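Trainee: Got a structure for you, written out below as structure tokens; questions coming shortly.
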Amino acid sequence: MPIKIVVTSLLVDDQEKALRFYRDMLGFELKHDIPMGHHRWLTLTSPGEPEGVELLLEPDEHPAAKPWKSALVADGIPATSFGVEDVHAEHKRLAGLGVAFTQPPVHLGPVTTAVFDDTCGNLIQIAQRH
Amino acid sequence: MDLDRLFRALADPTRRRMLDELAERDGQTLFELHVRLISWHGASLSRQALSKHLQVLEEAGLLRTEWRWRSKHHFLERSPLRQMWDVWMRPLAEPAEKEKVDADQDRRDEPAGR
């Protein structure tokens, strides 16, 4: 059996805040919430795909994590990218919920993308393929 | 206004394209400008190189930066372009009406039959 992508992670400054953002604002579904010392093994999946790839919301405690994240945010570089069917509709919905965008929907060749702040120290891109 | 510095900044085609992209949508981050340049123009350009180009344009006064929350956004500054036009290009491209009148007067004042 080939190697599969099972978990991918994002470094967040506060797991509880991140859960609220990624579950309640973006609409991902909680998969695992396992206590691990001071932190949690906290993963979510895409809505309606409980067996799909899990997004791990991992604490950004390593001393190099914050400077790295800040440098990416300063230049507007997203930590990762999620797929959507309609970037314009998602932009409108999320902006309506108070999410701050560093880039509104822009059509760039084969994709339309937008970039927003996840409130946990990352920028996230959403992309729609044409 | 440093005319030499402005012309040097504008002498590079990538930098002129960056200004075109900002005219298309003002207030871009380095990331957006970079994606635009490589996806629309097929330019092979590193983010580091783009960063240097941005610095040259900013030092020439052709763009300004503004921090919004924790991201840096770049805005086109049009006034140096207008000044270049007013101070050096327009007088050359479109001689003022007064100068034309003076030139005509000079010709009339010339002694006849010289």
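Chain lettering (A, B, ...) mirrors the order of the structure tokens, residue numbering begins at 1 for each chain separately, and ligand numbering begins at 1 in order of display.
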Enumerate as an MDAnalysis selection string all residues of chain A assigned to helix (DSSP H, G or I) by DSSP on the backbone, naming them with the chain letters and numbers the document uses.
Mentor: chainID A and resid 15:25 65:74 87:96
Trainee: Store the residues of this selection in a file with C-alpha atoms, as a PDB file, in the first residue's frame.
Mentor:
```pdb
ATOM      1  CA  GLN A  15      -5.786  25.563  20.391  1.00  0.00           C
ATOM      2  CA  GLU A  16      -9.172  26.482  21.879  1.00  0.00           C
ATOM      3  CA  LYS A  17      -9.342  29.693  19.822  1.00  0.00           C
ATOM      4  CA  ALA A  18      -8.214  27.750  16.751  1.00  0.00           C
ATOM      5  CA  LEU A  19     -10.956  25.144  17.289  1.00  0.00           C
ATOM      6  CA  ARG A  20     -13.547  27.917  17.407  1.00  0.00           C
ATOM      7  CA  PHE A  21     -12.215  29.471  14.233  1.00  0.00           C
ATOM      8  CA  TYR A  22     -11.716  26.328  12.145  1.00  0.00           C
ATOM      9  CA  ARG A  23     -14.884  24.540  13.338  1.00  0.00           C
ATOM     10  CA  ASP A  24     -17.314  27.396  13.914  1.00  0.00           C
ATOM     11  CA  MET A  25     -16.204  29.864  11.229  1.00  0.00           C
ATOM     12  CA  ALA A  65       7.682  29.087  15.189  1.00  0.00           C
ATOM     13  CA  LYS A  66       6.513  32.619  15.983  1.00  0.00           C
ATOM     14  CA  PRO A  67       9.255  34.517  14.088  1.00  0.00           C
ATOM     15  CA  TRP A  68       8.671  32.218  11.100  1.00  0.00           C
ATOM     16  CA  LYS A  69       4.898  32.736  11.196  1.00  0.00           C
ATOM     17  CA  SER A  70       5.273  36.520  11.598  1.00  0.00           C
ATOM     18  CA  ALA A  71       7.636  36.730   8.638  1.00  0.00           C
ATOM     19  CA  LEU A  72       5.162  34.869   6.413  1.00  0.00           C
ATOM     20  CA  VAL A  73       2.252  37.044   7.546  1.00  0.00           C
ATOM     21  CA  ALA A  74       4.277  40.247   6.946  1.00  0.00           C
ATOM     22  CA  VAL A  87     -14.287  31.961  -3.681  1.00  0.00           C
ATOM     23  CA  HIS A  88     -16.499  35.027  -4.041  1.00  0.00           C
ATOM     24  CA  ALA A  89     -19.317  33.437  -2.001  1.00  0.00           C
ATOM     25  CA  GLU A  90     -16.893  32.288   0.729  1.00  0.00           C
ATOM     26  CA  HIS A  91     -15.241  35.718   0.828  1.00  0.00           C
ATOM     27  CA  LYS A  92     -18.632  37.352   1.303  1.00  0.00           C
ATOM     28  CA  ARG A  93     -19.699  34.852   3.974  1.00  0.00           C
ATOM     29  CA  LEU A  94     -16.448  35.023   5.974  1.00  0.00           C
ATOM     30  CA  ALA A  95     -16.052  38.807   5.670  1.00  0.00           C
ATOM     31  CA  GLY A  96     -19.631  39.041   6.970  1.00  0.00           C
TER      32      GLY A  96
END
```
Trainee: Counting only C-alpha atoms, collect the residues of chain B whose closest atom lies at most 7 Å from chain A, and write them out as a PDB file with N, CA and C atoms, in the first residue's frame.
Mentor:
```
ATOM      1  N   THR B  29       0.023  42.656  -1.095  1.00  0.00           N
ATOM      2  CA  THR B  29       1.144  42.133  -0.311  1.00  0.00           C
ATOM      3  C   THR B  29       2.201  41.632  -1.288  1.00  0.00           C
ATOM      4  N   LEU B  30       3.394  41.359  -0.749  1.00  0.00           N
ATOM      5  CA  LEU B  30       4.468  40.782  -1.569  1.00  0.00           C
ATOM      6  C   LEU B  30       3.988  39.477  -2.226  1.00  0.00           C
ATOM      7  N   PHE B  31       3.273  38.662  -1.461  1.00  0.00           N
ATOM      8  CA  PHE B  31       2.777  37.378  -1.962  1.00  0.00           C
ATOM      9  C   PHE B  31       1.883  37.563  -3.186  1.00  0.00           C
ATOM     10  N   ARG B  36       0.969  37.285  -9.035  1.00  0.00           N
ATOM     11  CA  ARG B  36       0.520  37.959 -10.253  1.00  0.00           C
ATOM     12  C   ARG B  36       1.623  37.986 -11.311  1.00  0.00           C
ATOM     13  N   SER B  39       2.230  34.372 -12.607  1.00  0.00           N
ATOM     14  CA  SER B  39       1.149  33.671 -13.308  1.00  0.00           C
ATOM     15  C   SER B  39       0.633  34.437 -14.521  1.00  0.00           C
ATOM     16  N   TRP B  40       0.716  35.744 -14.520  1.00  0.00           N
ATOM     17  CA  TRP B  40       0.216  36.514 -15.665  1.00  0.00           C
ATOM     18  C   TRP B  40       1.306  36.810 -16.675  1.00  0.00           C
ATOM     19  N   ARG B  70      -0.874  42.766  10.707  1.00  0.00           N
ATOM     20  CA  ARG B  70       0.525  42.358  10.722  1.00  0.00           C
ATOM     21  C   ARG B  70       1.075  42.100   9.321  1.00  0.00           C
ATOM     22  N   SER B  71       0.357  42.551   8.300  1.00  0.00           N
ATOM     23  CA  SER B  71       0.825  42.359   6.923  1.00  0.00           C
ATOM     24  C   SER B  71       1.163  43.695   6.280  1.00  0.00           C
ATOM     25  N   LYS B  72       2.193  43.659   5.431  1.00  0.00           N
ATOM     26  CA  LYS B  72       2.655  44.879   4.762  1.00  0.00           C
ATOM     27  C   LYS B  72       2.027  44.954   3.370  1.00  0.00           C
TER      28      LYS B  72
END
```
Trainee: Can you measure CA of Pro50 (chain A) to CA of His32 (chain A) for me? One decimal in Å is fine.
Mentor: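 Going from CA of Pro50 (chain A) over to CA of His32 (chain A), I get 10.5 Å.
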Trainee: Identify all residues of chain B in strand (DSSP E) (DSSP on the backbone) and supply them as a ChimeraX atom specification.
Mentor: /B:63-68,71-76
Trainee: Could you write out the selected residues, including N, CA and C atoms, as a short mmCIF file (atom, residue, chain, number, x, y, z; two decimals), in the first residue's frame?
Mentor:
```
data_model
loop_
_atom_site.label_atom_id
_atom_site.label_comp_id
_atom_site.auth_asym_id
_atom_site.auth_seq_id
_atom_site.Cartn_x
_atom_site.Cartn_y
_atom_site.Cartn_z
N LEU B 63 6.27 53.99 -4.72
CA LEU B 63 5.28 53.28 -3.93
C LEU B 63 5.52 53.53 -2.45
N ARG B 64 4.45 53.35 -1.70
CA ARG B 64 4.57 53.47 -0.24
C ARG B 64 4.00 52.20 0.36
N THR B 65 4.45 51.89 1.58
CA THR B 65 3.97 50.68 2.24
C THR B 65 3.16 51.07 3.47
N GLU B 66 2.23 50.20 3.80
CA GLU B 66 1.37 50.45 4.95
C GLU B 66 1.11 49.12 5.64
N TRP B 67 1.32 49.09 6.96
CA TRP B 67 1.03 47.87 7.71
C TRP B 67 -0.44 47.85 8.06
N ARG B 68 -1.11 46.74 7.68
CA ARG B 68 -2.50 46.56 8.08
C ARG B 68 -2.53 45.30 8.93
N SER B 71 0.36 42.55 8.30
CA SER B 71 0.82 42.36 6.92
C SER B 71 1.16 43.70 6.28
N LYS B 72 2.19 43.66 5.43
CA LYS B 72 2.66 44.88 4.76
C LYS B 72 2.03 44.95 3.37
N HIS B 73 1.38 46.06 3.09
CA HIS B 73 0.72 46.25 1.79
C HIS B 73 1.41 47.38 1.01
N HIS B 74 1.41 47.25 -0.31
CA HIS B 74 2.13 48.21 -1.17
C HIS B 74 1.16 49.02 -2.00
N PHE B 75 1.36 50.33 -1.98
CA PHE B 75 0.46 51.25 -2.69
C PHE B 75 1.23 52.08 -3.71
N LEU B 76 0.65 52.23 -4.88
CA LEU B 76 1.24 53.03 -5.94
C LEU B 76 1.21 54.51 -5.56
#
```
Trainee: Name all residues at most 12 Å from Ser46 (chain B) (count only C-alpha atoms; drop same-chain ones fewer than 6 positions away) and give them as a short mmCIF file (atom, residue, chain, number, x, y, z; two decimals) with C-alpha atoms, in the first residue's frame.
Mentor:
```
data_model
loop_
_atom_site.label_atom_id
_atom_site.label_comp_id
_atom_site.auth_asym_id
_atom_site.auth_seq_id
_atom_site.Cartn_x
_atom_site.Cartn_y
_atom_site.Cartn_z
CA THR B 14 9.85 44.04 -14.12
CA LEU B 30 4.47 40.78 -1.57
CA PHE B 31 2.78 37.38 -1.96
CA LEU B 33 2.35 40.73 -6.36
CA HIS B 34 4.63 37.72 -6.75
CA VAL B 35 1.79 35.37 -7.77
CA LEU B 37 3.93 38.46 -11.84
CA ILE B 38 4.64 34.76 -12.26
CA LYS B 52 14.65 44.20 -3.88
CA HIS B 53 12.60 45.63 -6.75
#
```
Trainee: Within 6 Å of Val12 (chain A), counting only C-alpha atoms, which residues qualify if same-chain residues fewer than 3 places away don't, as a PyMOL selection string?
Mentor: chain A and resi 58-60+120
Trainee: Keeping N, CA and C atoms for every residue in the selection just given, could you write it to a file as an mmCIF file, in the first residue's frame?
Mentor:
```cif
data_model
loop_
_atom_site.group_PDB
_atom_site.id
_atom_site.type_symbol
_atom_site.label_atom_id
_atom_site.label_comp_id
_atom_site.auth_asym_id
_atom_site.auth_seq_id
_atom_site.Cartn_x
_atom_site.Cartn_y
_atom_site.Cartn_z
ATOM 1 N N GLU A 58 -1.836 22.446 15.853
ATOM 2 C CA GLU A 58 -0.697 22.132 16.717
ATOM 3 C C GLU A 58 -0.186 23.408 17.393
ATOM 4 N N PRO A 59 0.166 23.341 18.688
ATOM 5 C CA PRO A 59 0.667 24.547 19.370
ATOM 6 C C PRO A 59 1.968 25.064 18.747
ATOM 7 N N ASP A 60 2.100 26.399 18.657
ATOM 8 C CA ASP A 60 3.297 26.990 18.024
ATOM 9 C C ASP A 60 4.334 27.349 19.082
ATOM 10 N N CYS A 120 -5.044 33.064 14.492
ATOM 11 C CA CYS A 120 -4.133 32.246 15.303
ATOM 12 C C CYS A 120 -2.695 32.380 14.826
#
```
Trainee: Do you have the CA of Val6 (chain A)-CA of Leu57 (chain A) distance handy?
Mentor: 13.8 Å
Trainee: What is the distance, in Å and to one decimal place, between CA of Pro35 (chain A) and CA of Ile5 (chain A)?
Mentor: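 Separation between CA of Pro35 (chain A) and CA of Ile5 (chain A): 23.2 Å.
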Trainee: Using only C-alpha atoms, which residue out of A:Val84, A:Met1, A:Leu44, A:Ile34 lies closest to Thr112 (chain A)?
Mentor: A:Val84
